[in-house]
Amino acid sequence: MSRLFGAHMSVAGGLEQAFPRAVAVGATAVQIFTKNANRWSAPPVSAAEQLAFREAWRQSGIGPVMVHDAYLINLAAVDPDNWAKSKAAMQEELQRCTALGIPYLIAHPGAHLGAGVDAGIRRIREALTEIFAASDPAVRLLLENTAGQGSYLGGDFSHLARLMEGFGERVGVCFDTCHAHAAGYDLASDEGYEQTMAAFAREVGFDRLFAFHLNDSMKGCGSKVDRHAHIGAGAIGAAGFARLVRDQRFSHLPMVLETPKGDDGEEMDRINLALLRQLAGESA
């Protein structure tokens with residue numbers, strides 16, 4: 001069975017355009033933005049857009065589809081106006097997922113901006129409680145681990161555990177390989193990989209893991225620098241990714257690239273996906 005390898009795809013020209021682009025690069029899973037990632041809000045998804053998206057998805061044969069939230073959202077924001085905007089924007093993101101039938105919304109936890117880890121986590125949990133009370137439980141929010149840069153929360157697996165506590169099936173995790181390695185969780189060596197996954201199992205639990213972002217890291221382990229590199233071209237290396245994609249504990253989960261695109265838009269996606277399938281023991 002073909003593994004659920006995919007990439008973040010452009011929706012230029014319409015949300016449904018992500019699917020032919022994904023098929024063209026050999027993807028069996030896909031991640032998209034459903035709106036401009038640098039804006040707070042967007043018009044609701046129209047009935048025509050919903051129909052076109054669902055039909056294109058059906059015809060493509062693509063499996064899991066995930067949405068990444070807008071970059072402006074910070075549920076740990078100290079400023080009341082920014083916090084209110086962030087909550088409203090997250091609510092809108094969940095509504096757009098519901099309209100399109102997409103089960104997963106991926107989000108960075110947020111940055112405490114000097115207020116401290118405890119205050120930031122408390123702020124995010126407050127926001128999530130409010131957001132979940134008014135959103136469709138069929139859409140699961142996946143918190144993404146971060147590189148731990150600056151005041152960003154989520155670089156430590158324990159942050160994710162604290163953020164998820166008590167929310168049950170409403171919240172899960174998307175594991176980003178670049179972010180984990182940059183945060184200090186070694187994915188390049190055999191011993192480091194086992195220690196990293198043991199730490200994740202202990203702090204979070206594999207039952208809360210629903211997706212991976214597969215990105216090599218331009219900087220070394222513990223650098224806390226979030227810079228994505230092509231698979232095998234960074235500090236994690238091809239052997240590190242071979243170890244991950246051959247780990248049968250995760251063989252059922254979607255694994256999606258967020259690596260730089262090539263000159264034609266998706267050129268490097270084809271190359272990276274073919275390499276992943278080779279490393280996993282599949283034909284390209």
# chains A, B, ... in the order shown; residues from 1 in each chain; ligands from 1
call {"tool": "select_by_dssp", "arguments": {"residues": "segment 126-164 of chain A", "states": "strand (DSSP E)", "output": "PyMOL selection string"}}
result
chain A and resi 140-144
call {"tool": "residues_around", "arguments": {"residues": "Phe212 of chain A", "least_positions_apart": "3", "cutoff": "6 Å", "atoms": "only C-alpha atoms", "output": "list in words"}}
result
Cys174, Phe175, Asp176 and Met255 of chain A
call {"tool": "residues_around", "arguments": {"residues": "segment 92-98 of chain A", "least_positions_apart": "6", "cutoff": "10 Å", "atoms": "only C-alpha atoms", "output": "PyMOL selection string"}}
result
chain A and resi 33-35+40-46+50+65-70+86+104-106+131-132+134-141
call {"tool": "write_last_selection", "arguments": {"atoms": "N, CA, C and O atoms", "output": "compact mmCIF listing (two decimals), in the first residue's frame"}}
result
# COMPACT_ATOMS: atom_id res chain seq x y z
N PHE A 33 -3.59 26.03 2.60
CA PHE A 33 -4.25 27.15 3.27
C PHE A 33 -5.62 27.28 2.61
O PHE A 33 -5.73 27.14 1.39
N THR A 34 -6.64 27.58 3.38
CA THR A 34 -7.94 27.83 2.76
C THR A 34 -8.19 29.31 2.53
O THR A 34 -9.24 29.69 2.02
N LYS A 35 -7.22 30.15 2.91
CA LYS A 35 -7.32 31.59 2.74
C LYS A 35 -5.91 32.17 2.74
O LYS A 35 -4.95 31.43 2.98
N TRP A 40 -6.15 38.29 8.36
CA TRP A 40 -6.94 37.83 9.50
C TRP A 40 -8.19 37.06 9.06
O TRP A 40 -8.56 36.07 9.67
N SER A 41 -8.86 37.56 8.02
CA SER A 41 -10.16 37.01 7.68
C SER A 41 -10.32 36.85 6.18
O SER A 41 -9.50 37.32 5.39
N ALA A 42 -11.38 36.14 5.79
CA ALA A 42 -11.71 35.93 4.38
C ALA A 42 -13.21 35.69 4.28
O ALA A 42 -13.85 35.29 5.27
N PRO A 43 -13.80 35.90 3.11
CA PRO A 43 -15.22 35.59 2.95
C PRO A 43 -15.47 34.11 3.21
O PRO A 43 -14.57 33.27 2.99
N PRO A 44 -16.65 33.73 3.67
CA PRO A 44 -16.96 32.32 3.88
C PRO A 44 -16.81 31.51 2.59
O PRO A 44 -16.92 32.05 1.49
N VAL A 45 -16.54 30.23 2.72
CA VAL A 45 -16.45 29.35 1.57
C VAL A 45 -17.84 29.20 0.96
O VAL A 45 -18.79 28.80 1.65
N SER A 46 -17.97 29.54 -0.30
CA SER A 46 -19.29 29.50 -0.95
C SER A 46 -19.72 28.07 -1.23
O SER A 46 -18.89 27.14 -1.23
N GLN A 50 -17.33 24.87 -2.17
CA GLN A 50 -17.41 23.60 -1.45
C GLN A 50 -17.60 22.43 -2.41
O GLN A 50 -16.92 21.40 -2.31
N VAL A 65 -6.51 15.24 3.86
CA VAL A 65 -6.28 16.65 3.57
C VAL A 65 -6.22 17.39 4.90
O VAL A 65 -7.05 17.16 5.78
N MET A 66 -5.23 18.26 5.02
CA MET A 66 -5.07 19.05 6.24
C MET A 66 -4.97 20.52 5.87
O MET A 66 -4.53 20.85 4.76
N VAL A 67 -5.35 21.37 6.79
CA VAL A 67 -5.24 22.81 6.60
C VAL A 67 -4.24 23.36 7.61
O VAL A 67 -4.23 22.93 8.77
N HIS A 68 -3.41 24.29 7.17
CA HIS A 68 -2.55 25.03 8.10
C HIS A 68 -3.20 26.39 8.35
O HIS A 68 -3.68 27.02 7.42
N ASP A 69 -3.20 26.82 9.59
CA ASP A 69 -3.86 28.09 9.91
C ASP A 69 -3.01 29.28 9.47
O ASP A 69 -1.86 29.14 9.06
N ALA A 70 -3.60 30.47 9.58
CA ALA A 70 -2.93 31.71 9.16
C ALA A 70 -1.77 32.04 10.09
O ALA A 70 -1.79 31.74 11.29
N SER A 86 -7.11 36.87 17.14
CA SER A 86 -6.59 35.51 16.98
C SER A 86 -7.67 34.48 17.25
O SER A 86 -7.79 33.49 16.51
N TYR A 104 -8.67 18.02 9.78
CA TYR A 104 -7.54 18.47 10.58
C TYR A 104 -7.16 19.91 10.27
O TYR A 104 -6.98 20.29 9.12
N LEU A 105 -7.01 20.70 11.34
CA LEU A 105 -6.47 22.06 11.24
C LEU A 105 -5.19 22.10 12.05
O LEU A 105 -5.20 21.84 13.26
N ILE A 106 -4.07 22.43 11.41
CA ILE A 106 -2.77 22.46 12.06
C ILE A 106 -2.43 23.89 12.46
O ILE A 106 -2.60 24.82 11.66
N ILE A 131 -13.05 28.77 21.99
CA ILE A 131 -13.19 28.41 20.58
C ILE A 131 -13.92 27.09 20.41
O ILE A 131 -14.84 26.97 19.57
N PHE A 132 -13.56 26.08 21.19
CA PHE A 132 -14.18 24.77 21.05
C PHE A 132 -15.65 24.77 21.43
O PHE A 132 -16.43 23.96 20.92
N ALA A 134 -17.76 26.77 20.53
CA ALA A 134 -18.57 27.27 19.42
C ALA A 134 -18.11 26.71 18.08
O ALA A 134 -18.32 27.33 17.04
N SER A 135 -17.47 25.52 18.08
CA SER A 135 -16.99 24.96 16.82
C SER A 135 -17.36 23.49 16.68
O SER A 135 -17.71 22.83 17.66
N ASP A 136 -17.26 23.00 15.46
CA ASP A 136 -17.64 21.63 15.11
C ASP A 136 -16.62 20.64 15.67
O ASP A 136 -15.43 20.70 15.32
N PRO A 137 -17.05 19.69 16.52
CA PRO A 137 -16.10 18.73 17.08
C PRO A 137 -15.53 17.76 16.05
O PRO A 137 -14.59 17.03 16.35
N ALA A 138 -16.08 17.76 14.84
CA ALA A 138 -15.57 16.86 13.80
C ALA A 138 -14.22 17.31 13.28
O ALA A 138 -13.50 16.53 12.65
N VAL A 139 -13.86 18.58 13.51
CA VAL A 139 -12.56 19.08 13.08
C VAL A 139 -11.62 19.07 14.28
O VAL A 139 -11.88 19.68 15.30
N ARG A 140 -10.51 18.35 14.12
CA ARG A 140 -9.53 18.23 15.21
C ARG A 140 -8.41 19.25 15.00
O ARG A 140 -7.85 19.35 13.90
N LEU A 141 -8.09 20.00 16.05
CA LEU A 141 -6.97 20.94 16.01
C LEU A 141 -5.69 20.18 16.32
O LEU A 141 -5.58 19.54 17.37
call {"tool": "select_by_dssp", "arguments": {"residues": "segment 158-208 of chain A", "states": "helix (DSSP H, G or I)", "output": "count of residues only"}}
result
34
call {"tool": "residues_around", "arguments": {"residues": "Ala183 of chain A", "least_positions_apart": "3", "cutoff": "6 Å", "atoms": "only C-alpha atoms", "output": "list in words"}}
result
Ala147, Gly148, Gly155, His179, Ala180, Gly222 and Lys224 of chain A
call {"tool": "residues_around", "arguments": {"residues": "His213 of chain A", "least_positions_apart": "3", "cutoff": "10 Å", "atoms": "only C-alpha atoms", "output": "list in words"}}
result
Phe5, Gly6, Ala7, His8, Gln31, Glu144, Asn145, Cys174, Phe175, Asp176, Thr177, Cys178, His179, Asp216, Pro254, Met255, Val256, Leu257, Glu258 and Thr259 of chain A
call {"tool": "write_last_selection", "arguments": {"atoms": "C-alpha atoms", "output": "PDB file, in the first residue's frame"}}
result
ATOM      1  CA  PHE A   5       3.234  11.135   1.585  1.00  0.00           C
ATOM      2  CA  GLY A   6       2.276  14.593   0.365  1.00  0.00           C
ATOM      3  CA  ALA A   7       3.109  18.280   0.314  1.00  0.00           C
ATOM      4  CA  HIS A   8       1.687  21.693   1.049  1.00  0.00           C
ATOM      5  CA  GLN A  31      -1.950  20.311   3.075  1.00  0.00           C
ATOM      6  CA  GLU A 144       2.502  21.672  15.845  1.00  0.00           C
ATOM      7  CA  ASN A 145       5.737  21.425  17.793  1.00  0.00           C
ATOM      8  CA  CYS A 174       1.397  17.343  14.113  1.00  0.00           C
ATOM      9  CA  PHE A 175       5.096  16.470  14.493  1.00  0.00           C
ATOM     10  CA  ASP A 176       7.448  18.695  12.497  1.00  0.00           C
ATOM     11  CA  THR A 177      10.860  17.076  11.993  1.00  0.00           C
ATOM     12  CA  CYS A 178      12.789  20.300  11.340  1.00  0.00           C
ATOM     13  CA  HIS A 179      11.269  21.965  14.377  1.00  0.00           C
ATOM     14  CA  ASP A 216      15.028  18.662   6.912  1.00  0.00           C
ATOM     15  CA  PRO A 254       0.044  11.359   6.664  1.00  0.00           C
ATOM     16  CA  MET A 255       3.520  12.843   6.222  1.00  0.00           C
ATOM     17  CA  VAL A 256       3.569  16.153   4.364  1.00  0.00           C
ATOM     18  CA  LEU A 257       6.431  18.237   2.975  1.00  0.00           C
ATOM     19  CA  GLU A 258       6.817  21.948   3.685  1.00  0.00           C
ATOM     20  CA  THR A 259      10.104  22.222   1.808  1.00  0.00           C
TER      21      THR A 259
END
call {"tool": "atom_distance", "arguments": {"atom1": "atom CA of Gly232 of chain A", "atom2": "atom CA of Ser217 of chain A"}}
result
9.2 Å
call {"tool": "closest_residue", "arguments": {"among": "A:Phe241, A:Pro260, A:Asp186, A:Gln248", "to": "Leu279 of chain A", "atoms": "only C-alpha atoms"}}
result
A:Phe241
call {"tool": "closest_residue", "arguments": {"among": "A:Gln59, A:Asn215, A:Ser10, A:Thr129", "to": "Glu165 of chain A", "atoms": "only C-alpha atoms"}}
result
A:Thr129
call {"tool": "residues_around", "arguments": {"residues": "Ser251 of chain A", "least_positions_apart": "3", "cutoff": "10 Å", "atoms": "only C-alpha atoms", "output": "list in words"}}
result
Ser2, Arg3, Leu4, Leu244, Val245, Arg246, Asp247, Gln248, Pro254, Met255 and Ala280 of chain A
call {"tool": "residues_around", "arguments": {"residues": "Leu163 of chain A", "least_positions_apart": "2", "cutoff": "10 Å", "atoms": "only C-alpha atoms", "output": "MDAnalysis selection string"}}
result
chainID A and resid 109 120:126 128 143 153:154 158:161 165:167 171:172
call {"tool": "atom_distance", "arguments": {"atom1": "atom CA of Ala12 of chain A", "atom2": "atom CA of Ala37 of chain A"}}
result
12.6 Å
call {"tool": "atom_distance", "arguments": {"atom1": "atom CA of Met268 of chain A", "atom2": "atom CA of Ala238 of chain A"}}
result
15.4 Å
call {"tool": "closest_residue", "arguments": {"among": "A:His112, A:Gly101, A:Ala229, A:Ala133", "to": "Lys261 of chain A", "atoms": "only C-alpha atoms"}}
result
A:Ala229
